[in-house]
>>> print(open('input10.json').read())   # JSON, C-alpha atoms and all ligand atoms
[["chain", "number", "residue", "atom", "x", "y", "z"],
["A", 34, "MET", "CA", -3.53, -2.89, 17.82],
["A", 35, "SER", "CA", -1.47, -3.09, 14.66],
["A", 36, "ASP", "CA", -0.10, -6.34, 13.23],
["A", 37, "TYR", "CA", 2.36, -4.32, 11.18],
["A", 38, "ILE", "CA", 5.95, -3.59, 12.18],
["A", 39, "LEU", "CA", 5.48, -0.08, 10.77],
["A", 40, "GLU", "CA", 2.36, 1.82, 9.81],
["A", 41, "THR", "CA", 1.75, 5.44, 8.87],
["A", 42, "LYS", "CA", -1.63, 7.11, 8.69],
["A", 43, "GLY", "CA", -2.06, 10.42, 6.94],
["A", 44, "LEU", "CA", 1.66, 11.19, 7.18],
["A", 45, "THR", "CA", 2.19, 14.67, 5.76],
["A", 46, "LYS", "CA", 5.20, 17.00, 5.43],
["A", 47, "HIS", "CA", 5.01, 20.51, 4.07],
["A", 48, "TYR", "CA", 8.06, 22.74, 3.75],
["A", 49, "GLY", "CA", 6.31, 26.08, 3.69],
["A", 50, "GLY", "CA", 4.42, 25.97, 0.41],
["A", 51, "VAL", "CA", 6.14, 22.79, -0.81],
["A", 52, "HIS", "CA", 3.81, 19.85, -0.21],
["A", 53, "ALA", "CA", 6.54, 17.19, -0.23],
["A", 54, "LEU", "CA", 4.43, 14.43, 1.34],
["A", 55, "ASN", "CA", 0.66, 14.26, 1.57],
["A", 56, "ASP", "CA", -1.59, 11.95, 3.53],
["A", 57, "ALA", "CA", 0.64, 8.87, 3.24],
["A", 58, "ASP", "CA", -1.00, 5.65, 4.43],
["A", 59, "PHE", "CA", 1.64, 2.94, 4.50],
["A", 60, "PHE", "CA", 2.19, -0.44, 6.14],
["A", 61, "LEU", "CA", 5.02, -2.93, 6.48],
["A", 62, "GLU", "CA", 4.40, -6.48, 7.58],
["A", 63, "PRO", "CA", 6.79, -8.26, 9.95],
["A", 64, "GLY", "CA", 9.77, -9.61, 8.01],
["A", 65, "GLU", "CA", 8.56, -8.00, 4.80],
["A", 66, "HIS", "CA", 10.98, -6.43, 2.33],
["A", 67, "ILE", "CA", 9.50, -3.55, 0.38],
["A", 68, "ALA", "CA", 10.77, -1.04, -2.15],
["A", 69, "ILE", "CA", 9.71, 2.57, -2.48],
["A", 70, "VAL", "CA", 9.93, 3.81, -6.06],
["A", 71, "GLY", "CA", 9.04, 7.08, -7.74],
["A", 72, "ASP", "CA", 10.54, 9.87, -9.79],
["A", 73, "ASN", "CA", 12.99, 12.45, -8.42],
["A", 74, "GLY", "CA", 11.18, 14.69, -5.97],
["A", 75, "ALA", "CA", 8.28, 12.25, -5.44],
["A", 76, "GLY", "CA", 8.69, 12.46, -1.66],
["A", 77, "LYS", "CA", 10.52, 9.18, -0.94],
["A", 78, "SER", "CA", 13.37, 10.60, 1.16],
["A", 79, "THR", "CA", 10.96, 12.99, 2.86],
["A", 80, "PHE", "CA", 8.89, 9.97, 3.92],
["A", 81, "VAL", "CA", 12.00, 8.32, 5.41],
["A", 82, "ARG", "CA", 13.22, 11.47, 7.18],
["A", 83, "ASN", "CA", 9.82, 11.96, 8.79],
["A", 84, "ILE", "CA", 9.65, 8.39, 10.04],
["A", 85, "THR", "CA", 13.16, 8.40, 11.51],
["A", 86, "GLY", "CA", 13.13, 11.64, 13.49],
["A", 87, "VAL", "CA", 15.31, 13.67, 11.13],
["A", 88, "GLU", "CA", 12.28, 15.88, 10.56],
["A", 89, "ILE", "CA", 9.01, 16.32, 12.43],
["A", 90, "PRO", "CA", 5.91, 15.60, 10.31],
["A", 91, "THR", "CA", 3.38, 18.35, 9.66],
["A", 92, "ALA", "CA", 0.59, 15.84, 10.37],
["A", 93, "GLY", "CA", -0.14, 12.14, 10.65],
["A", 94, "ASP", "CA", 0.55, 9.13, 12.82],
["A", 95, "ILE", "CA", 3.41, 6.65, 12.92],
["A", 96, "ILE", "CA", 3.03, 3.28, 14.63],
["A", 97, "PHE", "CA", 6.23, 1.28, 15.05],
["A", 98, "ASP", "CA", 6.33, -2.19, 16.58],
["A", 99, "GLY", "CA", 2.82, -1.76, 17.93],
["A", 100, "GLN", "CA", 3.44, 1.63, 19.57],
["A", 101, "PRO", "CA", 2.56, 5.14, 18.38],
["A", 102, "VAL", "CA", 5.89, 6.98, 18.06],
["A", 103, "GLN", "CA", 6.99, 10.57, 17.54],
["A", 104, "PHE", "CA", 10.75, 10.51, 17.20],
["A", 105, "LYS", "CA", 12.30, 13.90, 17.92],
["A", 106, "ALA", "CA", 15.77, 13.01, 16.65],
["A", 107, "PRO", "CA", 17.43, 10.26, 14.59],
["A", 108, "MET", "CA", 18.94, 8.79, 17.75],
["A", 109, "ASP", "CA", 15.43, 8.20, 19.14],
["A", 110, "ALA", "CA", 14.60, 6.07, 16.10],
["A", 111, "ARG", "CA", 17.89, 4.20, 16.42],
["A", 112, "SER", "CA", 17.23, 3.50, 20.09],
["A", 113, "ALA", "CA", 13.82, 2.11, 19.13],
["A", 114, "GLY", "CA", 15.53, -0.24, 16.65],
["A", 115, "ILE", "CA", 15.32, 1.56, 13.29],
["A", 116, "GLU", "CA", 18.65, 1.77, 11.45],
["A", 117, "THR", "CA", 18.76, 3.99, 8.38],
["A", 118, "VAL", "CA", 21.21, 4.65, 5.59],
["A", 119, "TYR", "CA", 20.31, 8.13, 4.40],
["A", 120, "GLN", "CA", 20.63, 9.22, 0.81],
["A", 121, "ASN", "CA", 23.11, 11.94, 1.75],
["A", 122, "LEU", "CA", 25.24, 9.85, 4.04],
["A", 123, "ALA", "CA", 25.76, 11.02, 7.57],
["A", 124, "LEU", "CA", 29.31, 9.81, 8.10],
["A", 125, "ALA", "CA", 31.94, 11.78, 9.98],
["A", 126, "ASP", "CA", 34.81, 12.56, 7.61],
["A", 127, "HIS", "CA", 37.41, 13.15, 10.30],
["A", 128, "LEU", "CA", 36.79, 9.81, 12.05],
["A", 129, "ASN", "CA", 38.09, 6.40, 11.09],
["A", 130, "VAL", "CA", 35.95, 3.46, 9.95],
["A", 131, "THR", "CA", 35.57, 1.95, 13.43],
["A", 132, "ALA", "CA", 34.46, 5.26, 14.94],
["A", 133, "ASN", "CA", 31.91, 5.70, 12.16],
["A", 134, "ILE", "CA", 30.46, 2.24, 12.70],
["A", 135, "TYR", "CA", 30.08, 3.17, 16.38],
["A", 136, "LEU", "CA", 28.76, 6.65, 15.58],
["A", 137, "GLY", "CA", 25.63, 7.35, 17.62],
["A", 138, "ARG", "CA", 26.65, 4.73, 20.15],
["A", 139, "GLU", "CA", 28.80, 7.16, 22.05],
["A", 140, "ASP", "CA", 27.82, 5.61, 25.35],
["A", 141, "ILE", "CA", 30.26, 2.87, 24.43],
["A", 142, "ALA", "CA", 32.75, 4.91, 22.51],
["A", 143, "VAL", "CA", 33.65, 7.87, 24.72],
["A", 144, "ASN", "CA", 34.60, 8.50, 28.33],
["A", 145, "LEU", "CA", 36.35, 5.21, 28.60],
["A", 146, "GLY", "CA", 39.14, 6.53, 30.82],
["A", 147, "PRO", "CA", 42.30, 4.52, 31.38],
["A", 148, "LEU", "CA", 40.85, 1.43, 29.77],
["A", 149, "SER", "CA", 40.19, 3.21, 26.51],
["A", 150, "TRP", "CA", 43.07, 1.51, 24.65],
["A", 151, "LEU", "CA", 41.53, -1.85, 25.52],
["A", 152, "LYS", "CA", 38.04, -0.75, 24.47],
["A", 153, "LYS", "CA", 39.44, 0.74, 21.30],
["A", 154, "GLY", "CA", 40.98, -2.61, 20.46],
["A", 155, "SER", "CA", 37.73, -4.48, 21.01],
["A", 156, "MET", "CA", 35.74, -1.87, 19.08],
["A", 157, "ARG", "CA", 38.15, -2.18, 16.16],
["A", 158, "ALA", "CA", 37.83, -5.96, 16.27],
["A", 159, "LYS", "CA", 34.03, -5.72, 16.41],
["A", 160, "ALA", "CA", 33.97, -3.25, 13.50],
["A", 161, "ALA", "CA", 36.22, -5.55, 11.49],
["A", 162, "GLU", "CA", 33.90, -8.46, 12.30],
["A", 163, "LEU", "CA", 30.80, -6.52, 11.18],
["A", 164, "LEU", "CA", 32.52, -5.53, 7.94],
["A", 165, "GLU", "CA", 33.55, -9.16, 7.45],
["A", 166, "ASN", "CA", 29.98, -10.37, 8.09],
["A", 167, "THR", "CA", 28.61, -8.02, 5.49],
["A", 168, "GLY", "CA", 31.34, -9.03, 3.05],
["A", 169, "VAL", "CA", 32.60, -5.47, 2.71],
["A", 170, "LYS", "CA", 36.26, -4.96, 1.86],
["A", 171, "ILE", "CA", 37.68, -1.71, 3.19],
["A", 172, "PRO", "CA", 41.40, -1.33, 2.44],
["A", 173, "ASP", "CA", 42.26, 0.47, 5.68],
["A", 174, "ILE", "CA", 39.92, 0.25, 8.63],
["A", 175, "ASP", "CA", 42.10, 2.74, 10.54],
["A", 176, "GLY", "CA", 41.87, 5.33, 7.77],
["A", 177, "THR", "CA", 39.45, 8.25, 8.05],
["A", 178, "MET", "CA", 36.37, 8.47, 5.85],
["A", 179, "ALA", "CA", 37.79, 11.56, 4.13],
["A", 180, "GLY", "CA", 40.10, 9.42, 2.01],
["A", 181, "MET", "CA", 37.43, 6.99, 0.85],
["A", 182, "SER", "CA", 35.47, 6.68, -2.36],
["A", 183, "GLY", "CA", 31.72, 7.18, -2.50],
["A", 184, "GLY", "CA", 31.19, 3.43, -2.80],
["A", 185, "GLN", "CA", 33.43, 2.63, 0.16],
["A", 186, "ARG", "CA", 31.59, 5.20, 2.26],
["A", 187, "GLN", "CA", 28.30, 3.66, 1.25],
["A", 188, "CYS", "CA", 29.59, 0.22, 2.29],
["A", 189, "VAL", "CA", 30.61, 1.51, 5.73],
["A", 190, "ALA", "CA", 27.18, 3.13, 6.18],
["A", 191, "ILE", "CA", 25.42, -0.08, 5.18],
["A", 192, "THR", "CA", 27.58, -2.10, 7.58],
["A", 193, "ARG", "CA", 26.73, 0.36, 10.33],
["A", 194, "ALA", "CA", 23.01, 0.01, 9.64],
["A", 195, "THR", "CA", 22.84, -3.74, 9.16],
["A", 196, "GLY", "CA", 25.38, -4.97, 11.69],
["A", 197, "TRP", "CA", 23.62, -4.29, 14.96],
["A", 198, "GLY", "CA", 20.51, -6.48, 14.84],
["A", 199, "ALA", "CA", 17.95, -3.74, 14.22],
["A", 200, "LYS", "CA", 14.18, -4.30, 14.17],
["A", 201, "LEU", "CA", 13.85, -2.39, 10.88],
["A", 202, "ILE", "CA", 16.40, -1.30, 8.30],
["A", 203, "ILE", "CA", 15.79, 1.55, 5.87],
["A", 204, "LEU", "CA", 18.12, 2.04, 2.90],
["A", 205, "ASP", "CA", 17.66, 5.19, 0.78],
["A", 206, "GLU", "CA", 19.25, 4.44, -2.61],
["A", 207, "PRO", "CA", 21.99, 2.25, -1.08],
["A", 208, "THR", "CA", 23.52, 1.16, -4.38],
["A", 209, "ALA", "CA", 23.20, 4.36, -6.41],
["A", 210, "ALA", "CA", 26.93, 5.09, -5.99],
["A", 211, "LEU", "CA", 28.17, 1.50, -6.15],
["A", 212, "GLY", "CA", 29.91, -0.57, -8.81],
["A", 213, "ILE", "CA", 28.56, -3.88, -10.06],
["A", 214, "GLN", "CA", 30.43, -6.01, -7.53],
["A", 215, "GLU", "CA", 29.54, -3.81, -4.57],
["A", 216, "THR", "CA", 25.91, -3.65, -5.69],
["A", 217, "THR", "CA", 25.79, -7.45, -5.79],
["A", 218, "ARG", "CA", 27.27, -7.52, -2.27],
["A", 219, "VAL", "CA", 24.70, -5.11, -0.91],
["A", 220, "GLU", "CA", 21.92, -7.12, -2.55],
["A", 221, "GLY", "CA", 23.40, -10.17, -0.80],
["A", 222, "ILE", "CA", 23.28, -8.33, 2.53],
["A", 223, "VAL", "CA", 19.61, -7.51, 1.94],
["A", 224, "ARG", "CA", 18.85, -11.16, 1.10],
["A", 225, "GLY", "CA", 20.63, -12.19, 4.32],
["A", 226, "LEU", "CA", 18.34, -9.84, 6.26],
["A", 227, "LYS", "CA", 15.34, -11.53, 4.63],
["A", 228, "GLU", "CA", 16.59, -14.91, 5.85],
["A", 229, "LYS", "CA", 17.02, -13.48, 9.34],
["A", 230, "GLY", "CA", 13.46, -12.10, 9.23],
["A", 231, "THR", "CA", 14.55, -8.44, 9.50],
["A", 232, "PRO", "CA", 12.15, -6.13, 7.64],
["A", 233, "VAL", "CA", 13.72, -3.77, 5.09],
["A", 234, "ILE", "CA", 12.56, -0.65, 3.29],
["A", 235, "ILE", "CA", 14.73, 0.07, 0.26],
["A", 236, "ILE", "CA", 14.42, 3.10, -1.97],
["A", 237, "SER", "CA", 15.70, 2.50, -5.47],
["A", 238, "HIS", "CA", 15.33, 3.78, -9.02],
["A", 239, "ASN", "CA", 16.54, 0.41, -10.32],
["A", 240, "LEU", "CA", 13.44, -1.61, -11.17],
["A", 241, "ARG", "CA", 15.48, -4.72, -12.04],
["A", 242, "GLN", "CA", 16.93, -4.63, -8.54],
["A", 243, "VAL", "CA", 13.56, -3.98, -6.97],
["A", 244, "PHE", "CA", 11.86, -6.87, -8.77],
["A", 245, "ASN", "CA", 14.68, -9.23, -7.78],
["A", 246, "LEU", "CA", 14.93, -8.17, -4.18],
["A", 247, "VAL", "CA", 11.63, -7.33, -2.51],
["A", 248, "ASP", "CA", 8.15, -8.70, -1.78],
["A", 249, "ARG", "CA", 6.14, -5.54, -2.39],
["A", 250, "ILE", "CA", 6.58, -2.26, -4.23],
["A", 251, "TRP", "CA", 5.15, 1.06, -3.05],
["A", 252, "VAL", "CA", 4.89, 3.80, -5.65],
["A", 253, "PHE", "CA", 5.14, 7.50, -4.83],
["A", 254, "ARG", "CA", 4.22, 10.25, -7.28],
["A", 255, "GLN", "CA", 4.28, 14.00, -6.65],
["A", 256, "GLY", "CA", 4.21, 13.67, -2.88],
["A", 257, "ARG", "CA", 1.53, 10.99, -2.73],
["A", 258, "ILE", "CA", 1.45, 7.24, -2.40],
["A", 259, "VAL", "CA", -0.32, 6.05, -5.55],
["A", 260, "GLY", "CA", -0.46, 2.42, -4.55],
["A", 261, "ASN", "CA", 1.39, -0.77, -3.71],
["A", 262, "ARG", "CA", 1.72, -4.07, -5.55],
["A", 263, "LEU", "CA", 3.07, -7.47, -4.54],
["A", 264, "VAL", "CA", 5.97, -8.26, -6.87],
["A", 265, "LYS", "CA", 4.44, -11.64, -7.68],
["A", 266, "ASP", "CA", 1.26, -9.92, -8.90],
["A", 267, "THR", "CA", 2.74, -7.14, -11.04],
["A", 268, "GLU", "CA", 5.23, -6.41, -13.80],
["A", 269, "PRO", "CA", 7.59, -3.53, -14.57],
["A", 270, "ASN", "CA", 5.18, -1.96, -17.10],
["A", 271, "GLU", "CA", 2.51, -1.52, -14.48],
["A", 272, "ILE", "CA", 4.97, 0.00, -12.01],
["A", 273, "VAL", "CA", 6.31, 2.41, -14.66],
["A", 274, "ALA", "CA", 2.74, 3.49, -15.45],
["A", 275, "MET", "CA", 2.13, 4.13, -11.75],
["A", 276, "ILE", "CA", 5.38, 6.08, -11.40],
["A", 277, "THR", "CA", 4.70, 8.33, -14.37],
["A", 278, "GLY", "CA", 0.92, 8.52, -14.16],
["A", 279, "VAL", "CA", 0.82, 7.68, -17.85],
["A", 280, "ASP", "CA", -0.82, 4.45, -18.94],
["A", 281, "ASN", "CA", 0.38, 2.24, -21.78],
["A", 282, "GLN", "CA", -1.58, 4.22, -24.37],
["A", 283, "GLY", "CA", 0.19, 7.39, -23.28],
["A", 284, "VAL", "CA", -3.01, 8.83, -21.83],
["A", 285, "HIS", "CA", -2.67, 10.71, -18.61],
["A", 286, "GLU", "CA", -4.37, 8.98, -15.74],
["A", 287, "ASN", "CA", -6.83, 10.53, -13.40],
["A", 288, "ALA", "CA", -6.93, 9.38, -9.79],
["A", 289, "SER", "CA", -7.57, 5.72, -10.56],
["A", 290, "TYR", "CA", -4.43, 4.52, -8.75],
["A", 291, "ILE", "CA", -5.13, 6.45, -5.59],
["A", 301, "LIG", "N1", 14.21, 20.79, 3.31],
["A", 301, "LIG", "C1", 13.41, 21.03, 2.26],
["A", 301, "LIG", "N2", 12.89, 22.26, 2.03],
["A", 301, "LIG", "C2", 12.08, 22.50, 0.98],
["A", 301, "LIG", "N3", 11.71, 21.56, 0.09],
["A", 301, "LIG", "C3", 12.21, 20.32, 0.26],
["A", 301, "LIG", "C4", 13.07, 19.98, 1.33],
["A", 301, "LIG", "N4", 13.38, 18.67, 1.24],
["A", 301, "LIG", "C5", 12.75, 18.22, 0.15],
["A", 301, "LIG", "N5", 12.04, 19.20, -0.44],
["A", 301, "LIG", "C6", 11.19, 19.07, -1.63],
["A", 301, "LIG", "O1", 10.28, 18.02, -1.41],
["A", 301, "LIG", "C7", 10.07, 17.26, -2.57],
["A", 301, "LIG", "C8", 10.36, 15.80, -2.27],
["A", 301, "LIG", "O2", 11.76, 15.63, -2.07],
["A", 301, "LIG", "P1", 12.41, 14.23, -1.72],
["A", 301, "LIG", "O3", 13.83, 14.47, -1.40],
["A", 301, "LIG", "O4", 11.58, 13.57, -0.69],
["A", 301, "LIG", "O5", 12.27, 13.43, -3.10],
["A", 301, "LIG", "P2", 12.75, 11.96, -3.48],
["A", 301, "LIG", "O6", 11.54, 11.21, -3.91],
["A", 301, "LIG", "O7", 13.57, 11.39, -2.41],
["A", 301, "LIG", "O8", 13.63, 12.24, -4.79],
["A", 301, "LIG", "P3", 15.04, 11.57, -5.30],
["A", 301, "LIG", "O9", 14.65, 10.34, -6.07],
["A", 301, "LIG", "O10", 15.57, 12.63, -6.21],
["A", 301, "LIG", "O11", 15.91, 11.32, -4.13],
["A", 301, "LIG", "C9", 10.94, 17.88, -3.64],
["A", 301, "LIG", "O12", 10.16, 18.75, -4.41],
["A", 301, "LIG", "C10", 11.98, 18.63, -2.87],
["A", 301, "LIG", "O13", 12.45, 19.73, -3.58],
["A", 302, "MG", "MG", 15.52, 10.84, -2.26]]
>>> encode(input="input10.json", output="structure tokens")
Amino acid sequence: MSDYILETKGLTKHYGGVHALNDADFFLEPGEHIAIVGDNGAGKSTFVRNITGVEIPTAGDIIFDGQPVQFKAPMDARSAGIETVYQNLALADHLNVTANIYLGREDIAVNLGPLSWLKKGSMRAKAAELLENTGVKIPDIDGTMAGMSGGQRQCVAITRATGWGAKLIILDEPTAALGIQETTRVEGIVRGLKEKGTPVIIISHNLRQVFNLVDRIWVFRQGRIVGNRLVKDTEPNEIVAMITGVDNQGVHENASYI
């Protein structure tokens, strides 16, 4: 029986000969906020995709909320209570903001019959409320995503992920495309989730952000987890050394972090 909200054991993903993720042992405590850091191609997004049913792992176990899980599709993970903002955002360009916030909740959104105008009104109001709660300003909630900037799209995706009371929220580089103000807003949303006790996994290349925002940092390098550190017990230099595999003297490390 696991006391963790999420645990992986030996999680592995190979794309043919590309060993993107190898033998990843990971845990997340209830209410904990953690960051995953690592260079481009280190396997961070692969890890997320294989937890959330976008891809099926080559090997390994995933335990979520005390249960072994094998999600076959992203919707399975959402139904179980995991909301994810993917690095390459899955928003529907031809739909408006409200429809995107309801995306994947089609049980509510379609086949509404003669009452659909009423439902549409309440969905729009709910979407507006969620955007309001997350402090996101979208100029035209009835406009389609196609006409929106990268940052506005990111804000809609974050609202969609954080607005529904999930058990776990995963954000893959949520502020990479955002301006200073929007980044501050998103960081505020993440802090609000901490107060509510909702666990968060955030992938970021921004170490300042990571040190300000989370409890624990997990470092990935070349498809492996090299270790984790509590923020209160580490400093950026140590994390950089773990990311690069090069210690402060510039000497290449052997497996001492593993
Ligand atoms: N569908 C795929 N087919 C083949 N190789 C893939 C596929 N997806 C990812 N990879 C490879 O797996 C490795 C890990 O990629 P991943 O996207 O997980 O990195 P990342 O840590 O998220 O990097 P970034 O910081 O750039 O987002 C890379 O070498 C990448 O080229
Ligand atoms: Mg990535």
>>> residues_around(input="input10.json", residues="stretch 66-82 of chain A", least_positions_apart="6", cutoff="8 Å", atoms="only C-alpha atoms", output="ChimeraX atom specification")
/A:46,53-54,88,120,203,205,227,232-238,243,246-257,276-277
>>> residues_around(input="input10.json", residues="A:Asn245", least_positions_apart="4", cutoff="9 Å", atoms="only C-alpha atoms", output="PyMOL selection string")
chain A and resi 240-241+264
>>> atom_distance(input="input10.json", atom1="atom CA of A:Lys265", atom2="atom CA of A:Pro207")
23.3 Å
>>> residues_around(input="input10.json", residues="A:Leu163", least_positions_apart="4", cutoff="9 Å", atoms="all atoms listed in the file", output="MDAnalysis selection string")
chainID A and resid 134 158:159 167:169 192:193 195:197
>>> write_last_selection(input="input10.json", atoms="C-alpha atoms", output="JSON list (two decimals), keeping the file's coordinate frame")
[["chain", "number", "residue", "atom", "x", "y", "z"],
["A", 134, "ILE", "CA", 30.46, 2.24, 12.70],
["A", 158, "ALA", "CA", 37.83, -5.96, 16.27],
["A", 159, "LYS", "CA", 34.03, -5.72, 16.41],
["A", 167, "THR", "CA", 28.61, -8.02, 5.49],
["A", 168, "GLY", "CA", 31.34, -9.03, 3.05],
["A", 169, "VAL", "CA", 32.60, -5.47, 2.71],
["A", 192, "THR", "CA", 27.58, -2.10, 7.58],
["A", 193, "ARG", "CA", 26.73, 0.36, 10.33],
["A", 195, "THR", "CA", 22.84, -3.74, 9.16],
["A", 196, "GLY", "CA", 25.38, -4.97, 11.69],
["A", 197, "TRP", "CA", 23.62, -4.29, 14.96]]
>>> closest_residue(input="input10.json", among="A:Ser112, A:Thr45, A:Gln103, A:Asn270", to="ligand LIG 301 (chain A)", atoms="all atoms listed in the file")
A:Thr45
>>> closest_residue(input="input10.json", among="A:Thr41, A:Ser155, A:Asn55, A:Asn261", to="ligand LIG 301 (chain A)", atoms="all atoms listed in the file")
A:Asn55
>>> closest_residue(input="input10.json", among="A:Ala125, A:Met275, A:Ala209, A:Met108", to="ligand LIG 301 (chain A)", atoms="all atoms listed in the file")
A:Ala209
>>> atom_distance(input="input10.json", atom1="atom CA of A:Gly180", atom2="atom CA of A:Arg218")
21.7 Å
>>> residues_around(input="input10.json", residues="A:His127", least_positions_apart="3", cutoff="8 Å", atoms="all atoms listed in the file", output="ChimeraX atom specification")
/A:177-179
>>> atom_distance(input="input10.json", atom1="atom C8 of ligand LIG 301 (chain A)", atom2="atom CA of A:Ile258")
12.4 Å
>>> residues_around(input="input10.json", residues="A:Glu62", least_positions_apart="3", cutoff="10 Å", atoms="all atoms listed in the file", output="list in words")
Ser35, Asp36, Tyr37, Ile38, Leu39, Glu40, Glu65, His66, Ile67 and Pro232 of chain A
>>> closest_residue(input="input10.json", among="A:Gly184, A:Ile171, A:Gly93, A:Glu206", to="ligand MG 302 (chain A)", atoms="all atoms listed in the file")
A:Glu206
>>> residues_near_point(input="input10.json", point="(31.1, 5.9, -1.5)", cutoff="10 Å", atoms="all atoms listed in the file", output="list of chain:residue names")
A:Leu122, A:Met178, A:Met181, A:Ser182, A:Gly183, A:Gly184, A:Gln185, A:Arg186, A:Gln187, A:Cys188, A:Val189, A:Ala190, A:Pro207, A:Thr208, A:Ala209, A:Ala210, A:Leu211, A:Gly212
>>> build_atoms(input="input10.json", residues="stretch 187-203 of chain A", atoms="N, CA and C atoms", output="PDB file, in the frame of the given file")
ATOM      1  N   GLN A 187      29.622   4.283   1.252  1.00  0.00           N
ATOM      2  CA  GLN A 187      28.300   3.660   1.250  1.00  0.00           C
ATOM      3  C   GLN A 187      28.366   2.297   1.948  1.00  0.00           C
ATOM      4  N   CYS A 188      29.437   1.544   1.681  1.00  0.00           N
ATOM      5  CA  CYS A 188      29.590   0.220   2.290  1.00  0.00           C
ATOM      6  C   CYS A 188      29.731   0.321   3.802  1.00  0.00           C
ATOM      7  N   VAL A 189      30.464   1.314   4.283  1.00  0.00           N
ATOM      8  CA  VAL A 189      30.610   1.510   5.730  1.00  0.00           C
ATOM      9  C   VAL A 189      29.247   1.854   6.340  1.00  0.00           C
ATOM     10  N   ALA A 190      28.503   2.723   5.669  1.00  0.00           N
ATOM     11  CA  ALA A 190      27.180   3.130   6.180  1.00  0.00           C
ATOM     12  C   ALA A 190      26.231   1.930   6.225  1.00  0.00           C
ATOM     13  N   ILE A 191      26.305   1.089   5.215  1.00  0.00           N
ATOM     14  CA  ILE A 191      25.420  -0.080   5.180  1.00  0.00           C
ATOM     15  C   ILE A 191      25.811  -1.074   6.274  1.00  0.00           C
ATOM     16  N   THR A 192      27.111  -1.229   6.482  1.00  0.00           N
ATOM     17  CA  THR A 192      27.580  -2.100   7.580  1.00  0.00           C
ATOM     18  C   THR A 192      27.073  -1.561   8.909  1.00  0.00           C
ATOM     19  N   ARG A 193      27.187  -0.255   9.077  1.00  0.00           N
ATOM     20  CA  ARG A 193      26.730   0.360  10.330  1.00  0.00           C
ATOM     21  C   ARG A 193      25.245   0.085  10.553  1.00  0.00           C
ATOM     22  N   ALA A 194      24.467   0.169   9.502  1.00  0.00           N
ATOM     23  CA  ALA A 194      23.010   0.010   9.640  1.00  0.00           C
ATOM     24  C   ALA A 194      22.601  -1.443   9.822  1.00  0.00           C
ATOM     25  N   THR A 195      23.316  -2.354   9.181  1.00  0.00           N
ATOM     26  CA  THR A 195      22.840  -3.740   9.160  1.00  0.00           C
ATOM     27  C   THR A 195      23.518  -4.629  10.204  1.00  0.00           C
ATOM     28  N   GLY A 196      24.566  -4.114  10.824  1.00  0.00           N
ATOM     29  CA  GLY A 196      25.380  -4.970  11.690  1.00  0.00           C
ATOM     30  C   GLY A 196      24.911  -5.124  13.116  1.00  0.00           C
ATOM     31  N   TRP A 197      23.918  -4.363  13.519  1.00  0.00           N
ATOM     32  CA  TRP A 197      23.620  -4.290  14.960  1.00  0.00           C
ATOM     33  C   TRP A 197      22.329  -4.977  15.361  1.00  0.00           C
ATOM     34  N   GLY A 198      21.734  -5.749  14.469  1.00  0.00           N
ATOM     35  CA  GLY A 198      20.510  -6.480  14.840  1.00  0.00           C
ATOM     36  C   GLY A 198      19.300  -5.590  15.033  1.00  0.00           C
ATOM     37  N   ALA A 199      19.081  -4.678  14.105  1.00  0.00           N
ATOM     38  CA  ALA A 199      17.950  -3.740  14.220  1.00  0.00           C
ATOM     39  C   ALA A 199      16.616  -4.445  13.983  1.00  0.00           C
ATOM     40  N   LYS A 200      15.535  -3.771  14.401  1.00  0.00           N
ATOM     41  CA  LYS A 200      14.180  -4.300  14.170  1.00  0.00           C
ATOM     42  C   LYS A 200      13.689  -3.934  12.772  1.00  0.00           C
ATOM     43  N   LEU A 201      14.243  -2.848  12.216  1.00  0.00           N
ATOM     44  CA  LEU A 201      13.850  -2.390  10.880  1.00  0.00           C
ATOM     45  C   LEU A 201      15.038  -1.667  10.268  1.00  0.00           C
ATOM     46  N   ILE A 202      15.285  -1.957   8.996  1.00  0.00           N
ATOM     47  CA  ILE A 202      16.400  -1.300   8.300  1.00  0.00           C
ATOM     48  C   ILE A 202      15.857  -0.559   7.086  1.00  0.00           C
ATOM     49  N   ILE A 203      16.240   0.715   6.978  1.00  0.00           N
ATOM     50  CA  ILE A 203      15.790   1.550   5.870  1.00  0.00           C
ATOM     51  C   ILE A 203      17.016   1.987   5.065  1.00  0.00           C
TER      52      ILE A 203
END
